Structure formats: C-alpha cells, structure tokens
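Listing of final14.cif, mmCIF, N, CA and C atoms and all ligand atoms
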```
data_my_file
#
loop_
_atom_site.label_atom_id
_atom_site.label_comp_id
_atom_site.auth_asym_id
_atom_site.auth_seq_id
_atom_site.Cartn_x
_atom_site.Cartn_y
_atom_site.Cartn_z
N MET K 16 -65.30 19.29 34.92
CA MET K 16 -65.43 17.82 35.00
C MET K 16 -64.14 17.21 35.53
N SER K 17 -64.28 16.25 36.47
CA SER K 17 -63.10 15.57 36.99
C SER K 17 -62.81 14.34 36.16
N TYR K 18 -61.57 14.21 35.72
CA TYR K 18 -61.19 13.04 34.93
C TYR K 18 -60.82 11.86 35.81
N PHE K 19 -60.64 12.14 37.09
CA PHE K 19 -60.28 11.08 38.02
C PHE K 19 -61.55 10.66 38.75
N VAL K 20 -61.97 9.44 38.47
CA VAL K 20 -63.27 9.02 39.02
C VAL K 20 -63.07 7.83 39.94
N VAL K 21 -63.64 7.92 41.14
CA VAL K 21 -63.65 6.79 42.08
C VAL K 21 -65.11 6.40 42.28
N ASN K 22 -65.40 5.14 42.03
CA ASN K 22 -66.81 4.73 42.11
C ASN K 22 -67.19 4.28 43.54
N GLU K 23 -68.44 3.89 43.67
CA GLU K 23 -69.01 3.62 45.00
C GLU K 23 -68.47 2.35 45.65
N THR K 24 -67.64 1.57 44.95
CA THR K 24 -67.09 0.36 45.57
C THR K 24 -65.89 0.69 46.48
N CYS K 25 -65.41 1.93 46.46
CA CYS K 25 -64.30 2.35 47.33
C CYS K 25 -64.69 2.15 48.80
N ASN K 26 -63.76 1.54 49.57
CA ASN K 26 -64.05 1.34 50.99
C ASN K 26 -63.16 2.20 51.89
N GLY K 27 -62.41 3.11 51.26
CA GLY K 27 -61.60 4.05 52.04
C GLY K 27 -60.36 3.44 52.67
N CYS K 28 -59.79 2.39 52.04
CA CYS K 28 -58.62 1.72 52.62
C CYS K 28 -57.34 2.57 52.55
N LEU K 29 -57.33 3.51 51.66
CA LEU K 29 -56.21 4.45 51.45
C LEU K 29 -54.97 3.82 50.81
N ALA K 30 -55.10 2.62 50.26
CA ALA K 30 -53.95 2.00 49.58
C ALA K 30 -53.48 2.90 48.43
N CYS K 31 -54.41 3.51 47.73
CA CYS K 31 -54.04 4.38 46.60
C CYS K 31 -53.24 5.59 47.10
N VAL K 32 -53.69 6.17 48.20
CA VAL K 32 -53.01 7.35 48.75
C VAL K 32 -51.58 6.98 49.14
N GLU K 33 -51.44 5.85 49.79
CA GLU K 33 -50.11 5.43 50.27
C GLU K 33 -49.17 5.05 49.13
N ASN K 34 -49.71 4.69 47.99
CA ASN K 34 -48.87 4.22 46.89
C ASN K 34 -48.82 5.17 45.70
N CYS K 35 -49.29 6.35 45.90
CA CYS K 35 -49.21 7.33 44.80
C CYS K 35 -47.82 7.96 44.81
N PRO K 36 -47.03 7.78 43.76
CA PRO K 36 -45.66 8.31 43.77
C PRO K 36 -45.61 9.83 43.65
N ALA K 37 -46.71 10.44 43.30
CA ALA K 37 -46.68 11.89 43.05
C ALA K 37 -47.39 12.69 44.14
N ASN K 38 -47.78 12.01 45.20
CA ASN K 38 -48.57 12.67 46.26
C ASN K 38 -49.76 13.42 45.68
N ALA K 39 -50.38 12.79 44.72
CA ALA K 39 -51.54 13.42 44.09
C ALA K 39 -52.84 12.97 44.75
N LEU K 40 -52.73 12.03 45.67
CA LEU K 40 -53.93 11.57 46.39
C LEU K 40 -53.79 11.87 47.88
N SER K 41 -54.89 12.21 48.48
CA SER K 41 -54.89 12.51 49.90
C SER K 41 -56.29 12.18 50.46
N TRP K 42 -56.47 12.42 51.71
CA TRP K 42 -57.79 12.19 52.29
C TRP K 42 -58.01 13.13 53.44
N ARG K 43 -59.28 13.22 53.84
CA ARG K 43 -59.66 14.08 54.95
C ARG K 43 -60.74 13.33 55.71
N ASP K 44 -60.56 13.16 57.04
CA ASP K 44 -61.63 12.58 57.84
C ASP K 44 -62.43 13.74 58.42
N ASN K 45 -63.62 13.83 57.95
CA ASN K 45 -64.45 15.00 58.20
C ASN K 45 -65.68 14.61 59.01
N GLY K 46 -65.61 14.72 60.34
CA GLY K 46 -66.74 14.28 61.16
C GLY K 46 -67.00 12.80 60.95
N LYS K 47 -68.15 12.48 60.37
CA LYS K 47 -68.49 11.07 60.14
C LYS K 47 -68.05 10.58 58.76
N LYS K 48 -67.38 11.43 58.02
CA LYS K 48 -67.05 11.08 56.64
C LYS K 48 -65.55 11.03 56.38
N ARG K 49 -65.08 10.05 55.59
CA ARG K 49 -63.72 10.04 55.05
C ARG K 49 -63.83 10.49 53.59
N VAL K 50 -63.09 11.51 53.25
CA VAL K 50 -63.15 12.06 51.90
C VAL K 50 -61.81 11.82 51.20
N LEU K 51 -61.87 11.21 50.05
CA LEU K 51 -60.67 10.97 49.25
C LEU K 51 -60.45 12.17 48.34
N LEU K 52 -59.20 12.62 48.25
CA LEU K 52 -58.90 13.82 47.46
C LEU K 52 -57.90 13.50 46.35
N HIS K 53 -58.07 14.13 45.22
CA HIS K 53 -57.15 13.94 44.11
C HIS K 53 -56.78 15.30 43.53
N ASN K 54 -55.49 15.46 43.23
CA ASN K 54 -55.00 16.73 42.69
C ASN K 54 -54.49 16.49 41.27
N MET K 55 -55.23 16.98 40.30
CA MET K 55 -54.92 16.72 38.89
C MET K 55 -53.58 17.34 38.46
N ALA K 56 -53.23 18.47 39.05
CA ALA K 56 -51.97 19.13 38.67
C ALA K 56 -50.76 18.31 39.09
N ARG K 57 -50.91 17.56 40.16
CA ARG K 57 -49.79 16.73 40.64
C ARG K 57 -49.77 15.36 39.97
N CYS K 58 -50.92 14.92 39.51
CA CYS K 58 -51.07 13.54 39.01
C CYS K 58 -50.20 13.30 37.78
N ALA K 59 -49.42 12.21 37.84
CA ALA K 59 -48.53 11.85 36.73
C ALA K 59 -49.20 10.86 35.78
N ARG K 60 -50.45 10.56 36.01
CA ARG K 60 -51.22 9.60 35.20
C ARG K 60 -50.50 8.25 35.05
N CYS K 61 -49.85 7.84 36.10
CA CYS K 61 -49.09 6.59 36.05
C CYS K 61 -49.99 5.37 36.21
N ALA K 62 -51.18 5.59 36.70
CA ALA K 62 -52.19 4.53 36.89
C ALA K 62 -51.84 3.56 38.02
N ASN K 63 -50.88 3.90 38.84
CA ASN K 63 -50.52 3.02 39.96
C ASN K 63 -51.72 2.82 40.89
N CYS K 64 -52.43 3.87 41.15
CA CYS K 64 -53.61 3.79 42.03
C CYS K 64 -54.63 2.82 41.43
N TRP K 65 -54.80 2.89 40.16
CA TRP K 65 -55.76 2.04 39.44
C TRP K 65 -55.35 0.56 39.55
N ARG K 66 -54.03 0.32 39.40
CA ARG K 66 -53.53 -1.06 39.49
C ARG K 66 -53.65 -1.60 40.91
N ILE K 67 -53.42 -0.72 41.88
CA ILE K 67 -53.27 -1.17 43.26
C ILE K 67 -54.60 -1.29 44.02
N CYS K 68 -55.59 -0.58 43.57
CA CYS K 68 -56.86 -0.53 44.32
C CYS K 68 -57.49 -1.93 44.43
N PRO K 69 -57.65 -2.43 45.67
CA PRO K 69 -58.21 -3.78 45.84
C PRO K 69 -59.69 -3.86 45.47
N GLN K 70 -60.33 -2.72 45.43
CA GLN K 70 -61.77 -2.69 45.14
C GLN K 70 -62.08 -2.41 43.66
N HIS K 71 -61.05 -2.19 42.88
CA HIS K 71 -61.25 -1.75 41.47
C HIS K 71 -62.19 -0.55 41.42
N ALA K 72 -61.93 0.37 42.33
CA ALA K 72 -62.83 1.51 42.46
C ALA K 72 -62.40 2.71 41.62
N ILE K 73 -61.14 2.70 41.21
CA ILE K 73 -60.65 3.85 40.45
C ILE K 73 -60.91 3.62 38.96
N GLU K 74 -61.63 4.53 38.38
CA GLU K 74 -61.99 4.38 36.96
C GLU K 74 -61.01 5.18 36.12
N PHE K 75 -59.91 4.54 35.89
CA PHE K 75 -58.81 5.21 35.22
C PHE K 75 -58.75 4.83 33.75
N GLN K 76 -59.60 3.91 33.35
CA GLN K 76 -59.50 3.34 32.00
C GLN K 76 -59.51 4.41 30.92
N HIS K 77 -60.39 5.41 31.06
CA HIS K 77 -60.51 6.41 30.00
C HIS K 77 -59.23 7.22 29.83
N PHE K 78 -58.38 7.24 30.89
CA PHE K 78 -57.08 7.90 30.78
C PHE K 78 -56.16 7.12 29.85
N LEU K 79 -56.35 5.82 29.84
CA LEU K 79 -55.43 4.94 29.11
C LEU K 79 -55.92 4.59 27.71
N GLU K 80 -57.14 5.01 27.38
CA GLU K 80 -57.64 4.73 26.03
C GLU K 80 -56.89 5.58 25.02
N ASN K 81 -56.49 4.92 23.94
CA ASN K 81 -55.72 5.64 22.93
C ASN K 81 -56.68 6.33 21.96
N ILE K 82 -57.32 7.37 22.47
CA ILE K 82 -58.28 8.09 21.61
C ILE K 82 -57.93 9.57 21.60
N TRP K 83 -58.39 10.26 20.56
CA TRP K 83 -58.17 11.70 20.44
C TRP K 83 -59.46 12.42 20.76
N ASP K 84 -59.40 13.34 21.69
CA ASP K 84 -60.57 14.15 22.00
C ASP K 84 -60.53 15.43 21.18
N GLU K 85 -61.66 15.79 20.61
CA GLU K 85 -61.74 17.07 19.90
C GLU K 85 -61.76 18.18 20.96
N VAL K 86 -60.87 19.13 20.85
CA VAL K 86 -60.86 20.21 21.83
C VAL K 86 -61.40 21.52 21.26
N ILE K 87 -61.29 21.70 19.95
CA ILE K 87 -61.86 22.90 19.33
C ILE K 87 -62.05 22.61 17.84
N SER K 88 -63.01 23.28 17.23
CA SER K 88 -63.27 23.09 15.80
C SER K 88 -63.34 24.48 15.16
N LEU K 89 -62.51 24.72 14.14
CA LEU K 89 -62.39 26.06 13.55
C LEU K 89 -62.71 26.03 12.06
N ASP K 90 -63.24 27.14 11.55
CA ASP K 90 -63.54 27.23 10.12
C ASP K 90 -62.26 27.24 9.31
N LEU K 91 -62.27 26.52 8.18
CA LEU K 91 -61.10 26.44 7.31
C LEU K 91 -61.28 27.27 6.05
N VAL K 92 -60.15 27.74 5.50
CA VAL K 92 -60.14 28.38 4.19
C VAL K 92 -59.48 27.39 3.24
N HIS K 93 -60.08 27.22 2.06
CA HIS K 93 -59.55 26.25 1.09
C HIS K 93 -58.96 26.98 -0.12
N CYS K 94 -58.01 26.32 -0.75
CA CYS K 94 -57.41 26.87 -1.97
C CYS K 94 -58.52 27.05 -3.00
N LYS K 95 -58.57 28.22 -3.62
CA LYS K 95 -59.68 28.50 -4.55
C LYS K 95 -59.55 27.69 -5.84
N ILE K 96 -58.38 27.10 -6.08
CA ILE K 96 -58.22 26.30 -7.31
C ILE K 96 -58.46 24.81 -7.05
N CYS K 97 -57.76 24.25 -6.05
CA CYS K 97 -57.86 22.79 -5.87
C CYS K 97 -58.71 22.40 -4.66
N GLY K 98 -59.04 23.35 -3.82
CA GLY K 98 -59.89 23.02 -2.67
C GLY K 98 -59.13 22.47 -1.47
N GLU K 99 -57.80 22.43 -1.57
CA GLU K 99 -57.00 21.92 -0.44
C GLU K 99 -57.12 22.87 0.76
N PRO K 100 -57.33 22.33 1.98
CA PRO K 100 -57.38 23.22 3.14
C PRO K 100 -56.02 23.90 3.36
N ILE K 101 -56.02 25.21 3.58
CA ILE K 101 -54.72 25.90 3.73
C ILE K 101 -54.51 26.51 5.11
N TYR K 102 -55.49 27.21 5.63
CA TYR K 102 -55.35 27.76 6.98
C TYR K 102 -56.74 28.04 7.53
N THR K 103 -56.79 28.46 8.77
CA THR K 103 -58.11 28.72 9.35
C THR K 103 -58.56 30.14 8.97
N ALA K 104 -59.85 30.34 9.05
CA ALA K 104 -60.43 31.65 8.75
C ALA K 104 -59.88 32.71 9.71
N ASP K 105 -59.58 32.32 10.93
CA ASP K 105 -59.03 33.27 11.91
C ASP K 105 -57.64 33.74 11.51
N ILE K 106 -56.83 32.79 11.00
CA ILE K 106 -55.48 33.17 10.56
C ILE K 106 -55.58 34.09 9.35
N GLU K 107 -56.49 33.78 8.43
CA GLU K 107 -56.67 34.63 7.25
C GLU K 107 -57.05 36.05 7.66
N LYS K 108 -57.97 36.12 8.62
CA LYS K 108 -58.45 37.43 9.10
C LYS K 108 -57.28 38.23 9.70
N ALA K 109 -56.48 37.55 10.52
CA ALA K 109 -55.35 38.23 11.17
C ALA K 109 -54.33 38.71 10.14
N LEU K 110 -54.04 37.85 9.14
CA LEU K 110 -53.06 38.22 8.11
C LEU K 110 -53.57 39.37 7.26
N SER K 111 -54.86 39.31 6.88
CA SER K 111 -55.47 40.38 6.08
C SER K 111 -55.37 41.70 6.82
N GLY K 112 -55.64 41.64 8.13
CA GLY K 112 -55.58 42.86 8.94
C GLY K 112 -54.17 43.43 8.95
N LYS K 113 -53.19 42.53 9.00
CA LYS K 113 -51.79 42.96 9.07
C LYS K 113 -51.34 43.64 7.78
N ILE K 114 -51.71 43.03 6.64
CA ILE K 114 -51.23 43.59 5.37
C ILE K 114 -52.21 44.59 4.76
N GLY K 115 -53.39 44.72 5.38
CA GLY K 115 -54.33 45.75 4.94
C GLY K 115 -55.06 45.43 3.64
N ARG K 116 -55.13 44.15 3.26
CA ARG K 116 -55.94 43.79 2.08
C ARG K 116 -56.34 42.32 2.18
N GLU K 117 -57.29 41.95 1.32
CA GLU K 117 -57.75 40.56 1.35
C GLU K 117 -56.70 39.64 0.75
N ILE K 118 -56.64 38.42 1.28
CA ILE K 118 -55.65 37.46 0.79
C ILE K 118 -56.31 36.53 -0.22
N ASP K 119 -55.60 36.27 -1.32
CA ASP K 119 -56.09 35.32 -2.30
C ASP K 119 -55.86 33.92 -1.73
N PRO K 120 -56.91 33.16 -1.49
CA PRO K 120 -56.68 31.83 -0.88
C PRO K 120 -56.11 30.83 -1.87
N LEU K 121 -54.79 30.66 -1.84
CA LEU K 121 -54.12 29.71 -2.73
C LEU K 121 -53.19 28.83 -1.92
N CYS K 122 -53.19 27.53 -2.21
CA CYS K 122 -52.27 26.60 -1.55
C CYS K 122 -50.84 26.87 -2.07
N PRO K 123 -49.80 26.40 -1.40
CA PRO K 123 -48.43 26.68 -1.83
C PRO K 123 -48.18 26.30 -3.30
N ARG K 124 -48.77 25.17 -3.70
CA ARG K 124 -48.57 24.70 -5.09
C ARG K 124 -49.15 25.70 -6.08
N HIS K 125 -50.38 26.16 -5.82
CA HIS K 125 -51.00 27.07 -6.78
C HIS K 125 -50.50 28.49 -6.65
N LYS K 126 -49.99 28.82 -5.47
CA LYS K 126 -49.35 30.12 -5.33
C LYS K 126 -48.13 30.16 -6.26
N GLN K 127 -47.41 29.05 -6.24
CA GLN K 127 -46.21 28.90 -7.06
C GLN K 127 -46.58 28.98 -8.55
N SER K 128 -47.62 28.23 -8.92
CA SER K 128 -47.98 28.21 -10.35
C SER K 128 -48.52 29.57 -10.76
N ASP K 129 -49.16 30.26 -9.81
CA ASP K 129 -49.65 31.59 -10.11
C ASP K 129 -48.49 32.53 -10.37
N PHE K 130 -47.45 32.38 -9.53
CA PHE K 130 -46.25 33.20 -9.68
C PHE K 130 -45.57 32.90 -11.02
N VAL K 131 -45.47 31.61 -11.33
CA VAL K 131 -44.85 31.19 -12.59
C VAL K 131 -45.68 31.74 -13.75
N GLY K 132 -47.01 31.67 -13.57
CA GLY K 132 -47.91 32.19 -14.60
C GLY K 132 -47.69 33.67 -14.84
N ARG K 133 -47.53 34.39 -13.72
CA ARG K 133 -47.32 35.84 -13.85
C ARG K 133 -46.00 36.13 -14.55
N GLN K 134 -44.97 35.33 -14.21
CA GLN K 134 -43.67 35.50 -14.86
C GLN K 134 -43.79 35.23 -16.36
N ALA K 135 -44.52 34.15 -16.68
CA ALA K 135 -44.68 33.77 -18.08
C ALA K 135 -45.38 34.89 -18.86
N MET K 136 -46.39 35.50 -18.22
CA MET K 136 -47.11 36.60 -18.88
C MET K 136 -46.18 37.78 -19.14
N GLY K 137 -45.35 38.08 -18.11
CA GLY K 137 -44.39 39.18 -18.25
C GLY K 137 -43.42 38.91 -19.38
N PHE K 138 -42.94 37.67 -19.47
CA PHE K 138 -42.00 37.28 -20.50
C PHE K 138 -42.65 37.43 -21.88
N LEU K 139 -43.89 36.99 -22.01
CA LEU K 139 -44.62 37.07 -23.28
C LEU K 139 -44.80 38.52 -23.71
N LYS K 140 -45.17 39.35 -22.74
CA LYS K 140 -45.38 40.78 -23.05
C LYS K 140 -44.10 41.39 -23.60
N ASN K 141 -42.97 41.04 -22.95
CA ASN K 141 -41.67 41.56 -23.42
C ASN K 141 -41.37 41.09 -24.83
N GLU K 142 -41.65 39.81 -25.07
CA GLU K 142 -41.41 39.23 -26.40
C GLU K 142 -42.21 39.99 -27.47
N ILE K 143 -43.47 40.26 -27.15
CA ILE K 143 -44.35 40.95 -28.11
C ILE K 143 -43.82 42.37 -28.37
N LYS K 144 -43.42 43.02 -27.25
CA LYS K 144 -42.90 44.40 -27.37
C LYS K 144 -41.65 44.43 -28.25
N GLU K 145 -40.75 43.50 -27.99
CA GLU K 145 -39.51 43.44 -28.77
C GLU K 145 -39.80 43.14 -30.23
N ALA K 146 -40.75 42.26 -30.48
CA ALA K 146 -41.11 41.91 -31.86
C ALA K 146 -41.65 43.13 -32.58
N LYS K 147 -42.47 43.91 -31.84
CA LYS K 147 -43.05 45.13 -32.44
C LYS K 147 -41.94 46.11 -32.78
N ASN K 148 -40.98 46.27 -31.83
CA ASN K 148 -39.87 47.20 -32.06
C ASN K 148 -39.05 46.79 -33.27
N ASP K 149 -38.86 45.46 -33.43
CA ASP K 149 -38.08 44.97 -34.57
C ASP K 149 -38.75 45.31 -35.90
N ARG K 150 -40.06 45.27 -35.88
CA ARG K 150 -40.81 45.51 -37.12
C ARG K 150 -40.83 46.98 -37.49
N SER K 151 -40.73 47.86 -36.50
CA SER K 151 -40.87 49.29 -36.82
C SER K 151 -39.54 49.88 -37.31
S1 LIG K 201 -52.28 8.07 38.43
FE1 LIG K 201 -50.36 7.86 39.56
S2 LIG K 201 -49.86 9.96 40.11
FE2 LIG K 201 -52.02 9.97 39.54
S3 LIG K 201 -53.12 9.64 41.44
FE3 LIG K 201 -52.82 7.61 40.56
S4 LIG K 201 -50.93 6.86 41.47
FE4 LIG K 201 -51.01 9.06 41.83
S1 LIG K 202 -57.29 2.05 47.04
FE1 LIG K 202 -59.31 1.95 46.13
S2 LIG K 202 -60.64 1.35 47.77
FE2 LIG K 202 -58.76 2.04 48.72
S3 LIG K 202 -59.16 4.23 49.09
FE3 LIG K 202 -58.16 4.10 47.13
S4 LIG K 202 -59.87 4.04 45.70
FE4 LIG K 202 -60.71 3.54 47.68
#
```
Would it be possible to restate this file's structure as structure tokens?
Amino acid sequence: MSYFVVNETCNGCLACVENCPANALSWRDNGKKRVLLHNMARCARCANCWRICPQHAIEFQHFLENIWDEVISLDLVHCKICGEPIYTADIEKALSGKIGREIDPLCPRHKQSDFVGRQAMGFLKNEIKEAKNDRS
C-alpha cells in the first residue's frame, strides 16, 4: 500500500516536484501520459508538497494525524498471582528453551516476595532444627 496518495484533481503542474527538498518526487512523460512518481525511502514527510499543491491533490493528512497504528499483536503471559502482564509468550518460550525448563510466570514484585518467602521458610526450618537440638 502506498501512503503517499495523489487524487484525481492533480493537473500535473509539477509544483510539488520542484519544491520537494528531498528529491522524493519526480515525473515521467510517457507517450500521451505524464506520470508523477514518489519515492518513500527519500521522503522526509515534511508535507511541503501538500502545502504547496495548488490543486489540494496530495492527500497527506493521514501522515500528520497523531494516531498510533497497530503493527503486530502478540500473546501475553500474566503473573500467576496478580495477573499483571509480564512478557510475551514468545519471550517465555525462548527463555524456557534456553534454560531447559518451564518458567514460573511471576511479575518482579511477586518474584521478590516468592524469594523472600523462600528465605523465610529456610530461616524457620533452621529455627526449628536448632530448637530441637537444644531440647535433646
Ligand atoms: S513530504 Fe516533503 S519530502 Fe516527502 S514528497 Fe512531499 S515535499 Fe518531498
Ligand atoms: S503540485 Fe499538486 S497538482 Fe501539481 S503535480 Fe503536484 S500533486 Fe499534481
């Protein structure tokens, strides 16, 4: 799809070609036809052509709209405790492959609390062991 659109009101005056600072516009006279050319790789999206066109033939408005286009949509993995999105399923798959086991889906906060929980359990076990030793 071409993002640079010139509508049927264009009369081939070439004002846009002459005033494009990036040489992104050109033309070709082909037998009975004048063909206007645009090169997207060169285009600086400055909209000069749009401003200058006497026919208002260049439909550049959609370039200037402050909108976000969705370019891709990926499956998410959520923290198993709070449901917060953490990473994409593709990243999880790649990481699992690297470490050779499944990853527990936990957000940073719950990973931390899980770690603290494990430490607390270890501490408790030691306390119980020491208490038992004291009694014997
Ligand atoms: S937007 Fe600017 S750089 Fe692109 S074709 Fe128009 S005048 Fe040239
Ligand atoms: S300035 Fe407008 S009318 Fe003239 S060639 Fe360019 S697009 Fe067509």
Taking all atoms of ligand LIG 201 (chain K) that the file lists and extending 4 Å past them on each side, where is the centre of the axis-aligned box and how long are its edges? Answer in Å to one decimal, as lines of an AutoDock Vina configuration file.
```
center_x = -51.5
center_y = 8.4
center_z = 40.1
size_x = 11.3
size_y = 11.1
size_z = 11.4
```
### Task
For segment 83-97 of chain K, please output as a list in words all residues within 5 Å (counting all atoms listed in the file; exclusion window: fewer than 3 positions along the same chain).
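Listed by chain and then number, they are Pro100, Ile101, Tyr102, Thr103, Ala104, Pro120, Leu121 and Cys122 of chain K.
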### Task
Show me which residues sit within 5 Å of ligand LIG 202 (chain K) when counting only N, CA and C atoms and all ligand atoms, and put them as a VMD selection string.
chain K and resid 25 to 31 68 to 70 72 to 73
May I ask you to write as a PDB file with N, CA and C atoms, in the coordinates of the input all residues lying at most 6.5 Å from ligand LIG 201 (chain K), with all atoms listed in the file counted?
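Output (pocket23.pdb):
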```
ATOM      1  N   CYS K  31     -54.410   3.510  47.730  1.00  0.00           N
ATOM      2  CA  CYS K  31     -54.040   4.380  46.600  1.00  0.00           C
ATOM      3  C   CYS K  31     -53.240   5.590  47.100  1.00  0.00           C
ATOM      4  N   ASN K  34     -49.710   4.690  47.990  1.00  0.00           N
ATOM      5  CA  ASN K  34     -48.870   4.220  46.890  1.00  0.00           C
ATOM      6  C   ASN K  34     -48.820   5.170  45.700  1.00  0.00           C
ATOM      7  N   CYS K  35     -49.290   6.350  45.900  1.00  0.00           N
ATOM      8  CA  CYS K  35     -49.210   7.330  44.800  1.00  0.00           C
ATOM      9  C   CYS K  35     -47.820   7.960  44.810  1.00  0.00           C
ATOM     10  N   PRO K  36     -47.030   7.780  43.760  1.00  0.00           N
ATOM     11  CA  PRO K  36     -45.660   8.310  43.770  1.00  0.00           C
ATOM     12  C   PRO K  36     -45.610   9.830  43.650  1.00  0.00           C
ATOM     13  N   ALA K  37     -46.710  10.440  43.300  1.00  0.00           N
ATOM     14  CA  ALA K  37     -46.680  11.890  43.050  1.00  0.00           C
ATOM     15  C   ALA K  37     -47.390  12.690  44.140  1.00  0.00           C
ATOM     16  N   ASN K  38     -47.780  12.010  45.200  1.00  0.00           N
ATOM     17  CA  ASN K  38     -48.570  12.670  46.260  1.00  0.00           C
ATOM     18  C   ASN K  38     -49.760  13.420  45.680  1.00  0.00           C
ATOM     19  N   ALA K  39     -50.380  12.790  44.720  1.00  0.00           N
ATOM     20  CA  ALA K  39     -51.540  13.420  44.090  1.00  0.00           C
ATOM     21  C   ALA K  39     -52.840  12.970  44.750  1.00  0.00           C
ATOM     22  N   LEU K  40     -52.730  12.030  45.670  1.00  0.00           N
ATOM     23  CA  LEU K  40     -53.930  11.570  46.390  1.00  0.00           C
ATOM     24  C   LEU K  40     -53.790  11.870  47.880  1.00  0.00           C
ATOM     25  N   HIS K  53     -58.070  14.130  45.220  1.00  0.00           N
ATOM     26  CA  HIS K  53     -57.150  13.940  44.110  1.00  0.00           C
ATOM     27  C   HIS K  53     -56.780  15.300  43.530  1.00  0.00           C
ATOM     28  N   ARG K  57     -50.910  17.560  40.160  1.00  0.00           N
ATOM     29  CA  ARG K  57     -49.790  16.730  40.640  1.00  0.00           C
ATOM     30  C   ARG K  57     -49.770  15.360  39.970  1.00  0.00           C
ATOM     31  N   CYS K  58     -50.920  14.920  39.510  1.00  0.00           N
ATOM     32  CA  CYS K  58     -51.070  13.540  39.010  1.00  0.00           C
ATOM     33  C   CYS K  58     -50.200  13.300  37.780  1.00  0.00           C
ATOM     34  N   ALA K  59     -49.420  12.210  37.840  1.00  0.00           N
ATOM     35  CA  ALA K  59     -48.530  11.850  36.730  1.00  0.00           C
ATOM     36  C   ALA K  59     -49.200  10.860  35.780  1.00  0.00           C
ATOM     37  N   ARG K  60     -50.450  10.560  36.010  1.00  0.00           N
ATOM     38  CA  ARG K  60     -51.220   9.600  35.200  1.00  0.00           C
ATOM     39  C   ARG K  60     -50.500   8.250  35.050  1.00  0.00           C
ATOM     40  N   CYS K  61     -49.850   7.840  36.100  1.00  0.00           N
ATOM     41  CA  CYS K  61     -49.090   6.590  36.050  1.00  0.00           C
ATOM     42  C   CYS K  61     -49.990   5.370  36.210  1.00  0.00           C
ATOM     43  N   ALA K  62     -51.180   5.590  36.700  1.00  0.00           N
ATOM     44  CA  ALA K  62     -52.190   4.530  36.890  1.00  0.00           C
ATOM     45  C   ALA K  62     -51.840   3.560  38.020  1.00  0.00           C
ATOM     46  N   ASN K  63     -50.880   3.900  38.840  1.00  0.00           N
ATOM     47  CA  ASN K  63     -50.520   3.020  39.960  1.00  0.00           C
ATOM     48  C   ASN K  63     -51.720   2.820  40.890  1.00  0.00           C
ATOM     49  N   CYS K  64     -52.430   3.870  41.150  1.00  0.00           N
ATOM     50  CA  CYS K  64     -53.610   3.790  42.030  1.00  0.00           C
ATOM     51  C   CYS K  64     -54.630   2.820  41.430  1.00  0.00           C
ATOM     52  N   TRP K  65     -54.800   2.890  40.160  1.00  0.00           N
ATOM     53  CA  TRP K  65     -55.760   2.040  39.440  1.00  0.00           C
ATOM     54  C   TRP K  65     -55.350   0.560  39.550  1.00  0.00           C
TER      55      TRP K  65
END
```
### Query
Tell me, which residues of chain K carry DSSP strand (DSSP E), written as a ChimeraX atom specification?
/K:20-21,40-45,48-53,73-74,91-93,100-103
### Task
State, in Å with one decimal place, the distance from atom N of Val20 of chain K to atom C of Glu74 of chain K.
5.0 Å
### Message
As an exercise, work out the distance from atom N of Glu99 of chain K to atom N of Lys126 of chain K in Å and give it to one decimal place.
### Response
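Taking atom N of Glu99 of chain K and atom N of Lys126 of chain K, their separation equals 10.8 Å.
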### Task
Enter the distance from atom N of His71 of chain K to atom CA of Lys48 of chain K, in Å, rounded to one decimal.
20.0 Å
